[in-house]
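Notes to accompany the following structure.
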Amino acid sequence: MKKLRGTVVPLITPLTQDDQVDVASLERLVEHCIAGGLQGLYPCGTTGEMMYLTVAERKLTAETVVRRTRGRVPVFIQTGAWNLADTLALSRHAAEIGADGIGVVTPVFYKLSDRGLLDFYQTVAGAVPADFPVYLYSIPQNAVNDITAALAGRIAATCPNVVGIKYSYPDMTRLQQLMLIRQGQFSVLAGPDQLFEVVFAAGGDGVVSGNAQCIPEHYAGLWQALQQQDYARATQLQRRTNRLNDLMCAVNNIAAYKVILQAEGVIATTKMRRPMENLRPEQEQELLQQLQAEHYRQVTL
């Protein structure tokens, strides 16, 4: 079954001024990421404002990305939703439209036991074809629920199509524990961008990076250096991306991505899905000025 490697991009969801999914901008964003040398696309995730989109909007977004990508890079749809019924509907839809797989965030808001989380993932994995890849997705700082290495191992043992995990908390010990599942064959992707180099060096498969859609050439270069085991170059590029990411994440990072992508002509508006907030005009100006001062499209200085 297909797995993800390298830099996987959790795409923003472009919106029109009247608050509809902007299909034309989304198609340009897909082309922008592929042309930038990134290795995979991950729509409808946290960066895509997933919980504030309707099921119909999420299906439209998934269909647009799969159609526009045309198999050039893997597309895994994030299908975790507010309830199990919507999660199952979105997961089946992803398989039906030809996505390469899905990622599924833990249930959110209410604290569940490991038994409840195991049942949830067994239900989702069993609702899609047996050869359709599923990634677990843990972001405990947002979702309340976490996936321990022991729980991930139990899920993997009972769900053959669960091929890996996106772990979005900066815990290197946990990430290394996850790498031991299935005798080291369990795919582990880091959520924190700062851990890209060290996770790969330790045996992981890559990073899921929202920042990468704004500075794709940096992540393409970092991935190339890692593939070549040129760790001196990789460290240089990791530190460069860290500096730029600090600027993008100093305020609302998703809103910042939209400001940057609009300034570059990739998307039409900076609109966020309420109650998500846009940057104030002075924040937008400061962000773009800081990035320009850093010569942010220049990979090395």
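Note on naming: chains are A, B, ... as they come in the structure tokens, residues start from 1 per chain, ligands start from 1 in the order shown.
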Handout entry: range 215-220 of chain A environment, 10 Å, only C-alpha atoms, sequence neighbours closer than 4 positions dropped, as an NGL selection string
Key = :A and (6-9 or 32-39 or 193 or 196 or 207 or 209-211 or 224-226 or 234 or 237-238 or 240-241 or 244-245 or 257 or 260-261 or 296-300)
Emit the selected residues as a CSV table (one decimal), in the first residue's frame, including N, CA and C atoms.
```
chain,number,residue,atom,x,y,z
A,6,GLY,N,8.7,12.4,2.3
A,6,GLY,CA,9.2,13.8,1.9
A,6,GLY,C,8.3,14.8,2.6
A,7,THR,N,8.1,15.9,1.9
A,7,THR,CA,7.3,17.0,2.4
A,7,THR,C,5.8,16.9,1.8
A,8,VAL,N,4.9,16.7,2.7
A,8,VAL,CA,3.5,16.6,2.4
A,8,VAL,C,2.8,17.9,2.8
A,9,VAL,N,2.0,18.4,1.9
A,9,VAL,CA,1.5,19.8,2.2
A,9,VAL,C,0.0,19.7,2.6
A,32,HIS,N,1.1,25.1,-8.0
A,32,HIS,CA,2.2,25.8,-7.3
A,32,HIS,C,3.0,24.8,-6.4
A,33,CYS,N,2.3,23.9,-5.7
A,33,CYS,CA,3.0,23.0,-4.8
A,33,CYS,C,3.7,21.9,-5.6
A,34,ILE,N,3.1,21.4,-6.7
A,34,ILE,CA,3.7,20.4,-7.5
A,34,ILE,C,4.9,21.0,-8.2
A,35,ALA,N,4.8,22.1,-8.8
A,35,ALA,CA,5.9,22.8,-9.5
A,35,ALA,C,7.0,23.1,-8.5
A,36,GLY,N,6.7,23.4,-7.3
A,36,GLY,CA,7.7,23.7,-6.3
A,36,GLY,C,8.5,22.5,-5.8
A,37,GLY,N,8.1,21.3,-6.3
A,37,GLY,CA,8.9,20.1,-5.9
A,37,GLY,C,8.5,19.4,-4.7
A,38,LEU,N,7.3,19.6,-4.2
A,38,LEU,CA,6.8,18.9,-3.0
A,38,LEU,C,6.3,17.6,-3.3
A,39,GLN,N,6.3,16.7,-2.3
A,39,GLN,CA,6.1,15.3,-2.6
A,39,GLN,C,4.7,14.7,-2.4
A,193,ASP,N,7.6,21.3,11.9
A,193,ASP,CA,8.5,21.5,10.8
A,193,ASP,C,10.0,21.4,11.3
A,196,PHE,N,11.9,18.0,10.9
A,196,PHE,CA,12.0,17.3,9.6
A,196,PHE,C,13.3,16.6,9.5
A,207,VAL,N,7.7,15.1,6.7
A,207,VAL,CA,7.1,16.1,7.5
A,207,VAL,C,5.8,16.5,6.7
A,209,SER,N,3.9,19.8,6.3
A,209,SER,CA,4.2,21.2,6.6
A,209,SER,C,3.3,22.2,5.8
A,210,GLY,N,2.5,22.9,6.6
A,210,GLY,CA,1.8,24.0,6.0
A,210,GLY,C,2.7,25.1,5.5
A,211,ASN,N,3.8,25.4,6.1
A,211,ASN,CA,4.7,26.4,5.7
A,211,ASN,C,5.2,26.1,4.3
A,224,GLN,N,15.9,17.0,-0.9
A,224,GLN,CA,17.0,16.5,-1.8
A,224,GLN,C,18.2,16.2,-0.9
A,225,ALA,N,18.6,17.2,0.0
A,225,ALA,CA,19.8,17.0,0.8
A,225,ALA,C,19.6,15.8,1.7
A,226,LEU,N,18.5,15.5,2.2
A,226,LEU,CA,18.2,14.4,3.1
A,226,LEU,C,18.4,13.1,2.3
A,234,ALA,N,21.6,19.7,4.7
A,234,ALA,CA,20.3,19.6,5.3
A,234,ALA,C,20.1,20.5,6.5
A,237,LEU,N,19.7,24.1,5.5
A,237,LEU,CA,18.4,24.4,5.0
A,237,LEU,C,17.3,24.3,6.1
A,238,GLN,N,17.5,23.4,7.1
A,238,GLN,CA,16.6,23.3,8.2
A,238,GLN,C,16.6,24.6,9.0
A,240,ARG,N,17.4,27.5,7.9
A,240,ARG,CA,16.8,28.5,7.1
A,240,ARG,C,15.3,28.5,7.2
A,241,THR,N,14.7,27.3,7.0
A,241,THR,CA,13.3,27.2,7.1
A,241,THR,C,12.8,27.5,8.5
A,244,LEU,N,12.4,31.3,8.7
A,244,LEU,CA,11.2,31.8,8.0
A,244,LEU,C,9.9,31.3,8.6
A,245,ASN,N,9.9,30.1,9.1
A,245,ASN,CA,8.7,29.6,9.7
A,245,ASN,C,8.3,30.4,11.0
A,257,TYR,N,-0.4,32.2,5.8
A,257,TYR,CA,-0.2,31.5,4.5
A,257,TYR,C,-1.0,32.2,3.4
A,260,ILE,N,0.5,35.4,2.2
A,260,ILE,CA,1.7,35.2,1.3
A,260,ILE,C,1.3,34.7,0.0
A,261,LEU,N,0.4,33.7,-0.1
A,261,LEU,CA,-0.1,33.1,-1.3
A,261,LEU,C,-0.9,34.1,-2.2
A,296,TYR,N,13.0,35.8,1.3
A,296,TYR,CA,12.5,34.5,1.7
A,296,TYR,C,12.4,33.6,0.5
A,297,ARG,N,12.4,34.0,-0.7
A,297,ARG,CA,12.3,33.1,-1.8
A,297,ARG,C,13.7,32.6,-2.2
A,298,GLN,N,14.7,33.2,-1.6
A,298,GLN,CA,16.1,32.8,-1.8
A,298,GLN,C,16.4,31.6,-0.9
A,299,VAL,N,16.8,30.5,-1.4
A,299,VAL,CA,16.9,29.3,-0.5
A,299,VAL,C,18.1,29.4,0.5
A,300,THR,N,19.2,29.9,0.1
A,300,THR,CA,20.3,30.1,1.0
A,300,THR,C,20.8,31.5,1.0
```
Handout entry: Long-range neighbours of Ile147 in chain A as a list in words, 7 Å cut-off, only C-alpha atoms, 4 positions minimum in chain
Key = Ser138, Leu151 and Ala152 of chain A
Based on the selection just made, write C-alpha atoms of those residues as a short mmCIF file (atom, residue, chain, number, x, y, z; two decimals), in the first residue's frame.
```cif
data_model
loop_
_atom_site.label_atom_id
_atom_site.label_comp_id
_atom_site.auth_asym_id
_atom_site.auth_seq_id
_atom_site.Cartn_x
_atom_site.Cartn_y
_atom_site.Cartn_z
CA SER A 138 -2.65 12.97 16.38
CA LEU A 151 -2.25 2.48 21.11
CA ALA A 152 -0.88 3.03 17.59
#
```
Handout entry: 9 Å contact set for Val128 in chain A, only C-alpha atoms, chain neighbours under 2 positions out, as a list in words
Key =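 Counting only the stated atoms, we get Leu88, Ser91, Arg92, Ala95, Val124, Ala125, Gly126, Ala130, Asp131, Phe132 and Pro133 of chain A.
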Exercise for the section: Would you kindly return, as a list in words, each protein, DNA or RNA residue with an atom no farther than 7 Å from any atom of Ile102 in chain A, considering only C-alpha atoms and excluding same-chain residues fewer than 3 positions away? Expected result: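 These residues fall inside the cut-off: Phe76, Ile77, Gln78, Thr79, Ser91, Pro133, Val134 and Tyr135 of chain A.
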Handout entry: Which of A:Leu90, A:Leu195, A:Gly71, A:Glu27 sits closest to Thr54 in chain A [using only C-alpha atoms]
Key =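 The shortest atom-to-atom distance to Thr54 in chain A comes from A:Leu90.
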Practice task
Run DSSP on the backbone and give me the residues of range 45-136 of chain A it puts in alpha helix (DSSP H), as a PyMOL selection string.
Solution key: chain A and resi 55-69+84-96+114-127
